[in-house]
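Here is the file structure_31.cif (mmCIF, C-alpha atoms and all ligand atoms).
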data_work
#
loop_
_atom_site.group_PDB
_atom_site.id
_atom_site.type_symbol
_atom_site.label_atom_id
_atom_site.label_comp_id
_atom_site.auth_asym_id
_atom_site.auth_seq_id
_atom_site.Cartn_x
_atom_site.Cartn_y
_atom_site.Cartn_z
ATOM 1 C CA MET A 2 -10.302 -13.617 -9.605
ATOM 2 C CA ARG A 3 -8.214 -10.956 -7.909
ATOM 3 C CA ILE A 4 -5.351 -9.551 -9.975
ATOM 4 C CA PRO A 5 -2.109 -9.551 -7.929
ATOM 5 C CA PHE A 6 -1.018 -6.088 -6.857
ATOM 6 C CA ILE A 7 2.582 -5.100 -6.126
ATOM 7 C CA ALA A 8 3.469 -1.573 -5.046
ATOM 8 C CA GLY A 9 6.868 -0.079 -4.261
ATOM 9 C CA ASN A 10 6.873 2.535 -1.520
ATOM 10 C CA TRP A 11 10.029 4.563 -2.036
ATOM 11 C CA LYS A 12 9.467 6.526 1.202
ATOM 12 C CA MET A 13 11.841 9.532 1.516
ATOM 13 C CA PHE A 14 14.471 8.284 -0.924
ATOM 14 C CA LYS A 15 15.741 9.283 -4.373
ATOM 15 C CA THR A 16 16.369 12.423 -6.367
ATOM 16 C CA THR A 17 15.051 12.937 -9.896
ATOM 17 C CA ALA A 18 17.999 11.419 -11.757
ATOM 18 C CA ASP A 19 18.054 8.356 -9.510
ATOM 19 C CA ALA A 20 14.273 7.905 -9.786
ATOM 20 C CA LEU A 21 14.313 8.135 -13.580
ATOM 21 C CA GLN A 22 17.113 5.582 -13.782
ATOM 22 C CA THR A 23 15.178 3.225 -11.496
ATOM 23 C CA VAL A 24 11.986 3.388 -13.557
ATOM 24 C CA ALA A 25 13.885 2.989 -16.834
ATOM 25 C CA ASP A 26 15.546 -0.145 -15.430
ATOM 26 C CA LEU A 27 12.255 -1.369 -13.997
ATOM 27 C CA LEU A 28 10.498 -1.035 -17.352
ATOM 28 C CA ARG A 29 13.273 -3.021 -19.016
ATOM 29 C CA LEU A 30 13.347 -5.719 -16.325
ATOM 30 C CA THR A 31 9.577 -6.208 -16.225
ATOM 31 C CA GLU A 32 8.945 -6.133 -19.955
ATOM 32 C CA GLY A 33 6.398 -8.749 -20.948
ATOM 33 C CA VAL A 34 5.296 -9.441 -17.364
ATOM 34 C CA GLU A 35 1.543 -9.876 -17.352
ATOM 35 C CA GLY A 36 -1.183 -10.606 -14.868
ATOM 36 C CA VAL A 37 0.119 -8.315 -12.126
ATOM 37 C CA GLU A 38 -0.667 -4.683 -11.363
ATOM 38 C CA VAL A 39 2.489 -2.709 -10.552
ATOM 39 C CA VAL A 40 2.636 0.677 -8.824
ATOM 40 C CA VAL A 41 5.489 2.882 -7.624
ATOM 41 C CA ALA A 42 5.067 5.516 -4.917
ATOM 42 C CA PRO A 43 7.787 8.214 -5.128
ATOM 43 C CA SER A 44 7.997 11.392 -3.031
ATOM 44 C CA PHE A 45 5.821 14.323 -4.053
ATOM 45 C CA THR A 46 8.709 16.140 -5.753
ATOM 46 C CA LEU A 47 9.289 13.181 -8.106
ATOM 47 C CA LEU A 48 5.702 12.471 -9.119
ATOM 48 C CA ARG A 49 5.567 14.519 -12.314
ATOM 49 C CA SER A 50 8.851 13.301 -13.767
ATOM 50 C CA VAL A 51 8.191 9.661 -12.805
ATOM 51 C CA SER A 52 4.653 9.691 -14.185
ATOM 52 C CA ASP A 53 5.926 11.251 -17.438
ATOM 53 C CA ALA A 54 8.509 8.481 -17.693
ATOM 54 C CA LEU A 55 5.818 5.849 -17.118
ATOM 55 C CA VAL A 56 3.154 7.275 -19.405
ATOM 56 C CA ASP A 57 1.773 4.567 -21.738
ATOM 57 C CA SER A 58 3.506 1.928 -19.607
ATOM 58 C CA PRO A 59 1.752 -0.693 -17.468
ATOM 59 C CA ILE A 60 3.278 0.769 -14.269
ATOM 60 C CA ALA A 61 1.086 3.189 -12.309
ATOM 61 C CA VAL A 62 2.117 5.945 -9.903
ATOM 62 C CA ALA A 63 0.948 6.569 -6.330
ATOM 63 C CA GLY A 64 1.341 9.413 -3.881
ATOM 64 C CA GLN A 65 2.548 8.418 -0.403
ATOM 65 C CA ASP A 66 -0.118 10.458 1.388
ATOM 66 C CA CYS A 67 -2.669 13.201 0.715
ATOM 67 C CA PHE A 68 -4.763 15.732 2.607
ATOM 68 C CA TRP A 69 -8.556 15.534 2.691
ATOM 69 C CA GLU A 70 -9.380 19.061 1.494
ATOM 70 C CA GLU A 71 -9.299 19.787 -2.216
ATOM 71 C CA GLN A 72 -7.606 23.176 -1.814
ATOM 72 C CA GLY A 73 -7.119 25.965 0.691
ATOM 73 C CA ALA A 74 -4.719 27.499 3.172
ATOM 74 C CA PHE A 75 -3.066 24.239 4.288
ATOM 75 C CA THR A 76 0.649 24.914 3.934
ATOM 76 C CA GLY A 77 2.665 21.861 3.031
ATOM 77 C CA GLU A 78 -0.288 19.636 2.162
ATOM 78 C CA VAL A 79 -1.152 18.000 -1.166
ATOM 79 C CA SER A 80 -4.739 17.220 -2.223
ATOM 80 C CA PRO A 81 -6.064 14.157 -4.078
ATOM 81 C CA GLY A 82 -6.785 16.353 -7.109
ATOM 82 C CA MET A 83 -3.178 17.566 -7.104
ATOM 83 C CA LEU A 84 -1.982 13.954 -7.082
ATOM 84 C CA SER A 85 -4.165 13.188 -10.115
ATOM 85 C CA ASP A 86 -2.855 16.317 -11.782
ATOM 86 C CA ALA A 87 0.710 15.059 -11.204
ATOM 87 C CA GLY A 88 -0.110 11.759 -12.927
ATOM 88 C CA CYS A 89 -1.101 9.577 -9.962
ATOM 89 C CA SER A 90 -3.873 7.006 -10.087
ATOM 90 C CA HIS A 91 -3.197 5.672 -6.583
ATOM 91 C CA VAL A 92 -2.380 6.983 -3.108
ATOM 92 C CA ILE A 93 -1.053 5.295 0.032
ATOM 93 C CA ILE A 94 -3.061 6.266 3.111
ATOM 94 C CA GLY A 95 -2.397 5.637 6.787
ATOM 95 C CA HIS A 96 1.103 4.215 6.516
ATOM 96 C CA SER A 97 2.381 3.285 9.963
ATOM 97 C CA GLU A 98 5.262 5.759 9.636
ATOM 98 C CA ARG A 99 2.689 8.524 9.243
ATOM 99 C CA ARG A 100 0.763 7.201 12.230
ATOM 100 C CA GLN A 101 3.960 6.886 14.281
ATOM 101 C CA TYR A 102 5.788 10.131 13.395
ATOM 102 C CA PHE A 103 3.155 12.513 12.036
ATOM 103 C CA GLY A 104 0.147 12.074 14.271
ATOM 104 C CA GLU A 105 -2.047 10.175 11.797
ATOM 105 C CA THR A 106 -5.099 8.686 13.510
ATOM 106 C CA ASP A 107 -7.920 6.413 12.364
ATOM 107 C CA GLU A 108 -10.036 9.549 12.058
ATOM 108 C CA THR A 109 -7.625 11.427 9.763
ATOM 109 C CA VAL A 110 -7.060 8.221 7.790
ATOM 110 C CA ASN A 111 -10.809 7.928 7.266
ATOM 111 C CA LYS A 112 -11.091 11.556 6.077
ATOM 112 C CA LYS A 113 -8.176 11.140 3.676
ATOM 113 C CA LEU A 114 -9.506 7.841 2.377
ATOM 114 C CA LYS A 115 -12.969 9.210 1.635
ATOM 115 C CA SER A 116 -11.528 12.270 -0.067
ATOM 116 C CA ALA A 117 -9.097 10.200 -2.169
ATOM 117 C CA VAL A 118 -11.691 7.705 -3.409
ATOM 118 C CA ALA A 119 -14.193 10.481 -4.105
ATOM 119 C CA ALA A 120 -11.526 12.094 -6.313
ATOM 120 C CA GLY A 121 -11.188 8.835 -8.245
ATOM 121 C CA LEU A 122 -7.876 7.655 -6.809
ATOM 122 C CA THR A 123 -7.325 4.045 -5.800
ATOM 123 C CA ALA A 124 -6.437 4.134 -2.119
ATOM 124 C CA ILE A 125 -3.895 1.756 -0.624
ATOM 125 C CA LEU A 126 -5.041 1.686 2.986
ATOM 126 C CA CYS A 127 -2.363 0.579 5.465
ATOM 127 C CA ILE A 128 -3.204 -1.175 8.695
ATOM 128 C CA GLY A 129 -1.211 -3.301 11.100
ATOM 129 C CA GLU A 130 -0.365 -3.880 14.729
ATOM 130 C CA THR A 131 2.768 -2.900 16.632
ATOM 131 C CA LEU A 132 5.017 -5.462 18.305
ATOM 132 C CA GLY A 133 3.563 -4.593 21.705
ATOM 133 C CA GLU A 134 0.035 -5.091 20.435
ATOM 134 C CA ARG A 135 0.917 -8.481 18.922
ATOM 135 C CA GLU A 136 2.704 -9.616 22.074
ATOM 136 C CA SER A 137 -0.223 -8.670 24.262
ATOM 137 C CA GLY A 138 -2.606 -10.613 22.036
ATOM 138 C CA ASP A 139 -4.354 -7.536 20.653
ATOM 139 C CA THR A 140 -3.617 -8.016 16.940
ATOM 140 C CA PHE A 141 -7.171 -8.812 15.872
ATOM 141 C CA LYS A 142 -8.663 -6.144 18.111
ATOM 142 C CA VAL A 143 -6.358 -3.522 16.569
ATOM 143 C CA LEU A 144 -7.105 -4.672 13.017
ATOM 144 C CA GLU A 145 -10.829 -4.620 13.694
ATOM 145 C CA ARG A 146 -10.620 -1.066 15.044
ATOM 146 C CA GLN A 147 -8.417 0.182 12.192
ATOM 147 C CA VAL A 148 -10.480 -1.429 9.424
ATOM 148 C CA GLY A 149 -13.833 -0.361 10.906
ATOM 149 C CA ASN A 150 -12.813 3.223 11.614
ATOM 150 C CA SER A 151 -10.875 3.744 8.384
ATOM 151 C CA LEU A 152 -13.644 2.463 6.126
ATOM 152 C CA ALA A 153 -16.550 4.233 7.870
ATOM 153 C CA GLY A 154 -18.747 6.028 5.360
ATOM 154 C CA VAL A 155 -17.131 4.409 2.309
ATOM 155 C CA SER A 156 -19.659 3.094 -0.258
ATOM 156 C CA MET A 157 -19.658 -0.469 -1.578
ATOM 157 C CA PRO A 158 -18.492 0.430 -5.105
ATOM 158 C CA GLN A 159 -15.709 2.563 -3.569
ATOM 159 C CA ALA A 160 -14.718 -0.231 -1.176
ATOM 160 C CA GLU A 161 -14.227 -2.758 -3.962
ATOM 161 C CA LYS A 162 -11.523 -0.559 -5.470
ATOM 162 C CA ILE A 163 -9.568 -0.013 -2.265
ATOM 163 C CA VAL A 164 -6.421 -2.065 -1.733
ATOM 164 C CA LEU A 165 -5.823 -2.994 1.881
ATOM 165 C CA ALA A 166 -2.203 -3.326 2.959
ATOM 166 C CA TYR A 167 -1.556 -5.384 6.066
ATOM 167 C CA GLU A 168 1.762 -4.119 7.384
ATOM 168 C CA PRO A 169 2.647 -5.372 10.846
ATOM 169 C CA VAL A 170 4.737 -2.513 12.241
ATOM 170 C CA TRP A 171 7.285 -4.931 13.728
ATOM 171 C CA ALA A 172 8.047 -6.293 10.240
ATOM 172 C CA ILE A 173 8.669 -2.936 8.533
ATOM 173 C CA GLY A 174 12.306 -2.273 7.749
ATOM 174 C CA THR A 175 13.406 -4.814 10.332
ATOM 175 C CA GLY A 176 14.182 -7.757 8.071
ATOM 176 C CA ARG A 177 11.737 -9.684 10.237
ATOM 177 C CA THR A 178 8.938 -10.750 7.876
ATOM 178 C CA ALA A 179 5.712 -12.160 9.237
ATOM 179 C CA THR A 180 5.626 -15.880 8.520
ATOM 180 C CA ASP A 181 3.362 -16.988 5.693
ATOM 181 C CA ASP A 182 1.024 -18.399 8.346
ATOM 182 C CA GLN A 183 0.925 -15.184 10.390
ATOM 183 C CA ALA A 184 0.253 -13.106 7.276
ATOM 184 C CA GLN A 185 -2.405 -15.481 5.936
ATOM 185 C CA GLU A 186 -4.152 -15.557 9.324
ATOM 186 C CA ALA A 187 -4.300 -11.751 9.477
ATOM 187 C CA HIS A 188 -5.388 -11.425 5.845
ATOM 188 C CA ALA A 189 -8.217 -13.948 6.269
ATOM 189 C CA PHE A 190 -9.329 -12.058 9.369
ATOM 190 C CA ILE A 191 -9.274 -8.727 7.490
ATOM 191 C CA ARG A 192 -11.242 -10.228 4.594
ATOM 192 C CA GLY A 193 -13.847 -11.397 7.112
ATOM 193 C CA LEU A 194 -14.057 -7.862 8.512
ATOM 194 C CA VAL A 195 -14.632 -6.461 5.010
ATOM 195 C CA ALA A 196 -17.359 -9.062 4.436
ATOM 196 C CA GLY A 197 -19.069 -7.968 7.649
ATOM 197 C CA ILE A 198 -18.830 -4.237 6.923
ATOM 198 C CA PHE A 199 -19.770 -4.449 3.232
ATOM 199 C CA SER A 200 -20.624 -7.881 1.801
ATOM 200 C CA PRO A 201 -19.017 -11.236 1.009
ATOM 201 C CA THR A 202 -18.915 -10.144 -2.657
ATOM 202 C CA VAL A 203 -16.910 -7.016 -1.834
ATOM 203 C CA ALA A 204 -14.614 -9.088 0.394
ATOM 204 C CA GLU A 205 -13.986 -11.545 -2.443
ATOM 205 C CA ALA A 206 -13.110 -8.705 -4.823
ATOM 206 C CA VAL A 207 -10.901 -6.594 -2.584
ATOM 207 C CA ARG A 208 -7.125 -7.035 -2.759
ATOM 208 C CA ILE A 209 -5.319 -7.449 0.557
ATOM 209 C CA VAL A 210 -1.561 -7.119 0.167
ATOM 210 C CA TYR A 211 1.190 -7.777 2.697
ATOM 211 C CA GLY A 212 3.964 -5.341 3.621
ATOM 212 C CA GLY A 213 6.987 -5.686 5.880
ATOM 213 C CA SER A 214 10.442 -6.831 4.729
ATOM 214 C CA VAL A 215 9.157 -8.341 1.481
ATOM 215 C CA LYS A 216 12.091 -9.478 -0.662
ATOM 216 C CA PRO A 217 12.677 -11.648 -3.732
ATOM 217 C CA GLY A 218 13.331 -14.576 -1.379
ATOM 218 C CA ASN A 219 10.039 -14.511 0.532
ATOM 219 C CA ILE A 220 7.455 -13.261 -1.965
ATOM 220 C CA ALA A 221 6.667 -16.653 -3.520
ATOM 221 C CA GLY A 222 5.747 -18.205 -0.158
ATOM 222 C CA LEU A 223 3.545 -15.258 0.758
ATOM 223 C CA MET A 224 1.845 -15.226 -2.639
ATOM 224 C CA SER A 225 1.056 -18.924 -2.392
ATOM 225 C CA ARG A 226 -1.429 -18.204 0.401
ATOM 226 C CA PRO A 227 -5.073 -17.797 -0.596
ATOM 227 C CA ASP A 228 -5.738 -14.406 1.016
ATOM 228 C CA ILE A 229 -2.442 -12.710 0.129
ATOM 229 C CA ASP A 230 -2.979 -10.824 -3.102
ATOM 230 C CA GLY A 231 0.312 -9.007 -3.439
ATOM 231 C CA ALA A 232 2.768 -6.823 -1.577
ATOM 232 C CA LEU A 233 3.616 -3.307 -0.509
ATOM 233 C CA VAL A 234 7.393 -3.261 -0.735
ATOM 234 C CA GLY A 235 9.692 -0.723 0.920
ATOM 235 C CA GLY A 236 13.452 -1.305 0.870
ATOM 236 C CA ALA A 237 13.426 -3.939 -1.869
ATOM 237 C CA SER A 238 11.568 -1.572 -4.222
ATOM 238 C CA LEU A 239 14.384 0.992 -4.267
ATOM 239 C CA GLU A 240 16.552 -1.085 -6.606
ATOM 240 C CA ALA A 241 14.963 -2.014 -9.930
ATOM 241 C CA GLU A 242 16.601 -5.465 -9.870
ATOM 242 C CA SER A 243 15.130 -6.560 -6.540
ATOM 243 C CA PHE A 244 11.738 -4.957 -7.195
ATOM 244 C CA ALA A 245 11.538 -6.645 -10.612
ATOM 245 C CA ALA A 246 12.459 -9.945 -8.953
ATOM 246 C CA VAL A 247 9.622 -9.485 -6.455
ATOM 247 C CA ILE A 248 7.260 -8.663 -9.331
ATOM 248 C CA ARG A 249 8.315 -11.767 -11.171
ATOM 249 C CA HIS A 250 7.921 -13.750 -7.904
ATOM 250 C CA LEU A 251 11.451 -15.031 -8.235
ATOM 251 C CA LYS A 252 13.141 -16.751 -5.355
HETATM 252 P P1 LIG B 1 10.107 -2.631 4.090
HETATM 253 O O1 LIG B 1 9.777 -3.491 2.879
HETATM 254 O O2 LIG B 1 11.359 -1.832 3.911
HETATM 255 O O3 LIG B 1 10.059 -3.420 5.349
HETATM 256 O O4 LIG B 1 8.934 -1.536 4.192
HETATM 257 C C1 LIG B 1 7.630 -1.948 4.141
HETATM 258 C C2 LIG B 1 6.754 -0.759 4.021
HETATM 259 O O5 LIG B 1 6.637 0.034 4.938
HETATM 260 C C3 LIG B 1 6.054 -0.543 2.744
HETATM 261 O O6 LIG B 1 5.113 0.476 2.846
#
The structure given in the file should be rewritten as structure tokens.
Amino acid sequence: MRIPFIAGNWKMFKTTADALQTVADLLRLTEGVEGVEVVVAPSFTLLRSVSDALVDSPIAVAGQDCFWEEQGAFTGEVSPGMLSDAGCSHVIIGHSERRQYFGETDETVNKKLKSAVAAGLTAILCIGETLGERESGDTFKVLERQVGNSLAGVSMPQAEKIVLAYEPVWAIGTGRTATDDQAQEAHAFIRGLVAGIFSPTVAEAVRIVYGGSVKPGNIAGLMSRPDIDGALVGGASLEAESFAAVIRHLK
């Protein structure tokens, strides 16, 4: 059985006071919720204060990116070990905004992924097609390339721990969610790819979560599908009320 996984990607939002208020509210609003793994991903500057506020709580903390080297003259970068040191157990890798605006490629994603898992972090690996790619019928080809290239050189025990996030770029921040059918179709395809690269056992164990305009009103439908194991939530994770409602799968 795969434990549902819900992560909130705060992107470049919030200052310390705002972040601490959000996590305090989130802890209150999710008290007693069981059977779901919850993660928040604040900006680098907030990681220490948020992880201190969440210590001994069931909510884990993720970085939004990392570099592949452990240390060195790489101005502006943050290593997997530094994320652990700041209280993170997870890290988002290959988000489409990083691919789109910051030159992330399958190759850099692969390097970051290997470095993060080797350092003991749980990687949340983002993949997904653009609108143009979907409209030209290339969705599966793109997913196959992204999954294959990103996971190259990852071992089976490491692969089982990775969370894959299917985030169709056209659904991110647009209010245009993939339909339950579109998401399920892509997730089943991705699970098949993982089975081919690793094994059917790894594919059965790995969580594949959906991202792109997830809200309290559409999470239940998505979660009812067999290959959708949770969500990577952007906008709706910024307010504790809506994120808690997503976590509780409320309509
Ligand atoms: P939205 O939920 O705001 O569409 O963002 C999704 C996302 O990019 C999560 O990583």
- Query: How would you write, as a ChimeraX atom specification, the set of residues no farther than 10 Å from ligand LIG 1 (chain B) when counting only C-alpha atoms and all ligand atoms?
  - Reply: /A:8-12,42,65,93,95-98,125,127,166-178,211-216,232-239
- With all atoms listed in the file counted, which protein, DNA or RNA residues have an atom no more than 10 Å from (5.1, -16.5, -2.2) in the file frame? Please answer as a PyMOL selection string. chain A and resi 181+215+217-226+229-232+247+250-252
Could you save the residues just selected, with C-alpha atoms, as a PDB file, in the coordinates of the input?
ATOM      1  CA  ASP A 181       3.362 -16.988   5.693  1.00  0.00           C
ATOM      2  CA  VAL A 215       9.157  -8.341   1.481  1.00  0.00           C
ATOM      3  CA  PRO A 217      12.677 -11.648  -3.732  1.00  0.00           C
ATOM      4  CA  GLY A 218      13.331 -14.576  -1.379  1.00  0.00           C
ATOM      5  CA  ASN A 219      10.039 -14.511   0.532  1.00  0.00           C
ATOM      6  CA  ILE A 220       7.455 -13.261  -1.965  1.00  0.00           C
ATOM      7  CA  ALA A 221       6.667 -16.653  -3.520  1.00  0.00           C
ATOM      8  CA  GLY A 222       5.747 -18.205  -0.158  1.00  0.00           C
ATOM      9  CA  LEU A 223       3.545 -15.258   0.758  1.00  0.00           C
ATOM     10  CA  MET A 224       1.845 -15.226  -2.639  1.00  0.00           C
ATOM     11  CA  SER A 225       1.056 -18.924  -2.392  1.00  0.00           C
ATOM     12  CA  ARG A 226      -1.429 -18.204   0.401  1.00  0.00           C
ATOM     13  CA  ILE A 229      -2.442 -12.710   0.129  1.00  0.00           C
ATOM     14  CA  ASP A 230      -2.979 -10.824  -3.102  1.00  0.00           C
ATOM     15  CA  GLY A 231       0.312  -9.007  -3.439  1.00  0.00           C
ATOM     16  CA  ALA A 232       2.768  -6.823  -1.577  1.00  0.00           C
ATOM     17  CA  VAL A 247       9.622  -9.485  -6.455  1.00  0.00           C
ATOM     18  CA  HIS A 250       7.921 -13.750  -7.904  1.00  0.00           C
ATOM     19  CA  LEU A 251      11.451 -15.031  -8.235  1.00  0.00           C
ATOM     20  CA  LYS A 252      13.141 -16.751  -5.355  1.00  0.00           C
TER      21      LYS A 252
END
- Message: Between CA of Pro43 (chain A) and CA of Asn150 (chain A), what distance in Å does the model show, to one decimal?
- Response: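 Between CA of Pro43 (chain A) and CA of Asn150 (chain A) the gap works out to 27.0 Å.
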- Task: Rank nothing, just name the residue among A:Ser151, A:Glu38, A:Ser137, A:Arg146 nearest to Ile94 (chain A), using all atoms listed in the file.
- Result: A:Ser151
- Task: Evaluate the PyMOL selection byres (((chain A and resi 54) around 8) and not hetatm) and record the selected residues as a PyMOL selection string, following the chain and residue labels used in the document.
- Result: chain A and resi 21+24-25+50-53+55-56
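Candidate residues A:Ala74, A:Asp139, A:Gly154, A:Arg99 were compared for distance to Asn111 (chain A), and the nearest is A:Gly154, using only C-alpha atoms.
You will find CA of Phe244 (chain A) at 22.5 Å from CA of His188 (chain A).
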- Mind giving me the straight-line distance from CA of Phe14 (chain A) to CA of Glu134 (chain A) in Å, one decimal?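 Interatomic distance, CA of Phe14 (chain A) to CA of Glu134 (chain A): 29.0 Å.
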- Write out as a count of residues only the residues lying within 9 Å of region 77-91 of chain A, counting all atoms listed in the file and excluding same-chain residues fewer than 6 positions away. 32
- Task: Would you kindly identify which residues have an atom no farther than 9 Å from (7.5, -10.1, -12.2), using all atoms listed in the file and the file's own coordinates, and write them out as a count of residues only?
- Result: 15
- Within 10 Å of Thr16 (chain A), counting only C-alpha atoms, which residues qualify if same-chain residues fewer than 2 places away don't, as a PyMOL selection string? chain A and resi 13-14+18-21+43-44+46-47
- Using only C-alpha atoms, which residue out of A:Val41, A:Val164, A:Ala196, A:Leu28 lies closest to Ser58 (chain A)?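 Result for the nearest residue to Ser58 (chain A): A:Leu28.
Across A:Pro59, A:Val210, A:Lys162, A:Glu242, the tightest approach to Ile128 (chain A) is made by A:Val210 when counting all atoms listed in the file.
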- Message: Assuming the chain letters and numbering stay as they are in my file, what does the PyMOL selection byres (((chain A and resi 4) around 7) and not hetatm) actually select? List them as number ranges by chain.
- Response: A: 2-3, 5-6, 36-38
